[in-house]
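Content type mmCIF, C-alpha atoms, from the file target_9.cif:
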```
data_my_file
#
loop_
_atom_site.label_atom_id
_atom_site.label_comp_id
_atom_site.auth_asym_id
_atom_site.auth_seq_id
_atom_site.Cartn_x
_atom_site.Cartn_y
_atom_site.Cartn_z
CA MET A 86 70.11 12.63 -11.70
CA LYS A 87 69.32 9.46 -13.62
CA GLN A 88 69.07 6.20 -11.72
CA THR A 89 68.93 2.55 -12.61
CA HIS A 90 66.89 0.34 -10.35
CA ARG A 91 68.44 -3.10 -10.10
CA ASN A 92 66.85 -6.06 -8.39
CA GLU A 93 68.62 -7.56 -5.39
CA ASN A 94 70.00 -10.49 -7.39
CA GLU A 95 71.57 -8.20 -9.98
CA LYS A 96 73.06 -6.01 -7.25
CA LYS A 97 74.49 -9.13 -5.60
CA ILE A 98 76.09 -10.26 -8.87
CA ILE A 99 77.70 -6.87 -9.48
CA ILE A 100 78.85 -6.40 -5.88
CA ASN A 101 80.41 -9.88 -5.84
CA ARG A 102 82.35 -9.08 -8.99
CA ILE A 103 83.49 -5.74 -7.57
CA ASN A 104 84.60 -7.48 -4.37
CA ARG A 105 86.64 -9.93 -6.44
CA LEU A 106 88.26 -7.00 -8.24
CA ILE A 107 89.10 -5.38 -4.91
CA GLY A 108 90.64 -8.68 -3.81
CA GLN A 109 92.70 -8.86 -6.99
CA MET A 110 93.92 -5.28 -6.50
CA ASN A 111 94.82 -5.97 -2.87
CA GLY A 112 96.75 -9.00 -4.07
CA ILE A 113 98.68 -6.82 -6.51
CA LYS A 114 99.40 -4.30 -3.76
CA ASN A 115 100.81 -7.16 -1.65
CA MET A 116 102.91 -8.30 -4.59
CA ILE A 117 104.43 -4.82 -4.83
CA ASN A 118 105.10 -4.75 -1.07
CA GLU A 119 106.79 -8.16 -1.41
CA ASP A 120 108.95 -6.96 -4.34
CA ARG A 121 107.50 -9.59 -6.65
CA TYR A 122 108.84 -9.85 -10.18
CA CYS A 123 107.44 -7.30 -12.65
CA ASP A 124 106.19 -9.97 -15.04
CA ASP A 125 104.11 -11.58 -12.28
CA VAL A 126 102.58 -8.21 -11.37
CA LEU A 127 101.82 -7.45 -15.02
CA VAL A 128 100.06 -10.79 -15.43
CA GLN A 129 97.83 -9.96 -12.47
CA LEU A 130 97.18 -6.44 -13.78
CA SER A 131 96.12 -7.97 -17.09
CA ALA A 132 93.70 -10.23 -15.23
CA VAL A 133 92.23 -7.19 -13.44
CA THR A 134 91.83 -5.37 -16.75
CA LYS A 135 89.95 -8.32 -18.21
CA SER A 136 87.76 -8.54 -15.11
CA VAL A 137 86.89 -4.84 -15.35
CA GLN A 138 86.10 -5.22 -19.05
CA SER A 139 83.89 -8.22 -18.31
CA LEU A 140 82.00 -6.31 -15.62
CA SER A 141 81.61 -3.32 -17.94
CA ASN A 142 80.21 -5.58 -20.65
CA HIS A 143 77.78 -7.14 -18.18
CA ILE A 144 76.49 -3.73 -17.07
CA LEU A 145 76.31 -2.52 -20.69
CA GLU A 146 74.28 -5.57 -21.67
CA LYS A 147 71.84 -5.00 -18.80
CA HIS A 148 71.67 -1.30 -19.75
CA LEU A 149 70.72 -2.19 -23.33
CA HIS A 150 68.04 -4.64 -22.21
CA SER A 151 66.52 -2.33 -19.61
CA CYS A 152 67.22 1.40 -19.78
CA VAL A 153 67.78 1.67 -23.52
CA SER A 154 64.88 -0.53 -24.57
CA THR A 155 62.52 1.31 -22.20
CA SER A 156 63.68 4.69 -23.51
CA ILE A 157 63.14 3.62 -27.12
CA GLU A 158 59.70 2.24 -26.29
CA ASN A 159 58.90 5.65 -24.77
CA ARG A 160 60.22 7.35 -27.92
CA ASN A 161 63.11 8.94 -26.04
CA LEU A 162 65.64 8.80 -28.83
CA GLU A 163 68.18 10.90 -26.90
CA ILE A 164 69.25 7.57 -25.49
CA LEU A 165 70.92 6.88 -28.84
CA ASP A 166 73.29 9.83 -28.34
CA GLU A 167 74.07 8.46 -24.89
CA LEU A 168 74.86 5.06 -26.40
CA ILE A 169 77.12 6.59 -29.02
CA SER A 170 79.02 8.37 -26.26
CA ILE A 171 79.35 5.14 -24.27
CA PHE A 172 80.68 3.21 -27.27
CA LYS A 173 83.17 5.98 -28.02
CA ARG A 174 84.47 5.75 -24.44
CA PHE A 175 84.72 1.96 -24.70
CA ASN A 176 86.76 2.21 -27.89
CA LYS A 177 89.44 4.62 -26.64
#
```
Any chance you could put this one into structure tokens?
Amino acid sequence: MKQTHRNENEKKIIINRINRLIGQMNGIKNMINEDRYCDDVLVQLSAVTKSVQSLSNHILEKHLHSCVSTSIENRNLEILDELISIFKRFNK
């Protein structure tokens, strides 16, 4: 199993963003329980989607600067196939 070692600051940044996402989702759940108007729920869902995309981009950027660059320096070019797969998933 591959692992990525992140420093404590990076973990804190990611966990904070995940906690915000959880808060947003809990807010949407409350909106549903309160029978809020569909348009209001959809606006919040759009905000969650953008937050997830932003977090994904952050992790991808860190991946490129750490895991990918290290693999290329070590002549492990299989990482390129992994990247292609990641970009294909992002573009679905």
Query raised in the report: Which residues come within 9 Å of segment 148-159 of chain A, counting all atoms listed in the file, excluding same-chain residues fewer than 6 positions away, as a list of chain:residue names?
Result: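 The neighbour list is A:Thr89, A:Leu165, A:Leu168.
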Query - Atomic separation - atom CA of Arg121 of chain A relative to atom CA of Ser136 of chain A, Å - result: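 These atoms are spaced 21.5 Å apart.
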Query raised in the report: Which distance in Å separates atom CA of Ala132 of chain A and atom CA of Lys96 of chain A, to one decimal?
Result: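 Atom CA of Lys96 of chain A lies at a distance of 22.5 Å from atom CA of Ala132 of chain A.
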Query raised in the report: Expressed in Å to a single decimal, how great is the separation between atom CA of Ile144 of chain A and atom CA of Arg174 of chain A?
Result: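 It comes out at 14.4 Å.
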Query raised in the report: Looking at A:Met116, A:Ile100, A:Ile171, A:Leu145, which one is nearest to Val128 of chain A, with distances taken over only C-alpha atoms?
Result: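 Of A:Met116, A:Ile100, A:Ile171, A:Leu145, the one nearest Val128 of chain A, counting only C-alpha atoms, is A:Met116.
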Report task. Name the closest residue to Gln109 of chain A among the candidates A:Asn142, A:Gln88, A:Gln129, A:Asn161; distances are taken between atoms, counting only C-alpha atoms. Result ->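 Between A:Asn142, A:Gln88, A:Gln129, A:Asn161, the residue approaching Gln109 of chain A most closely is A:Gln129.
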Query - Result set of the PyMOL selection byres ((chain A and resi 103-108) around 10) on the coordinates above, as a list in words - result: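 Evaluating the PyMOL selection byres ((chain A and resi 103-108) around 10) on this file yields Lys97, Ile98, Ile99, Ile100, Asn101, Arg102, Gln109, Met110, Asn111, Gly112, Ile113, Lys114, Ala132, Val133, Thr134, Ser136, Val137 and Leu140 of chain A.
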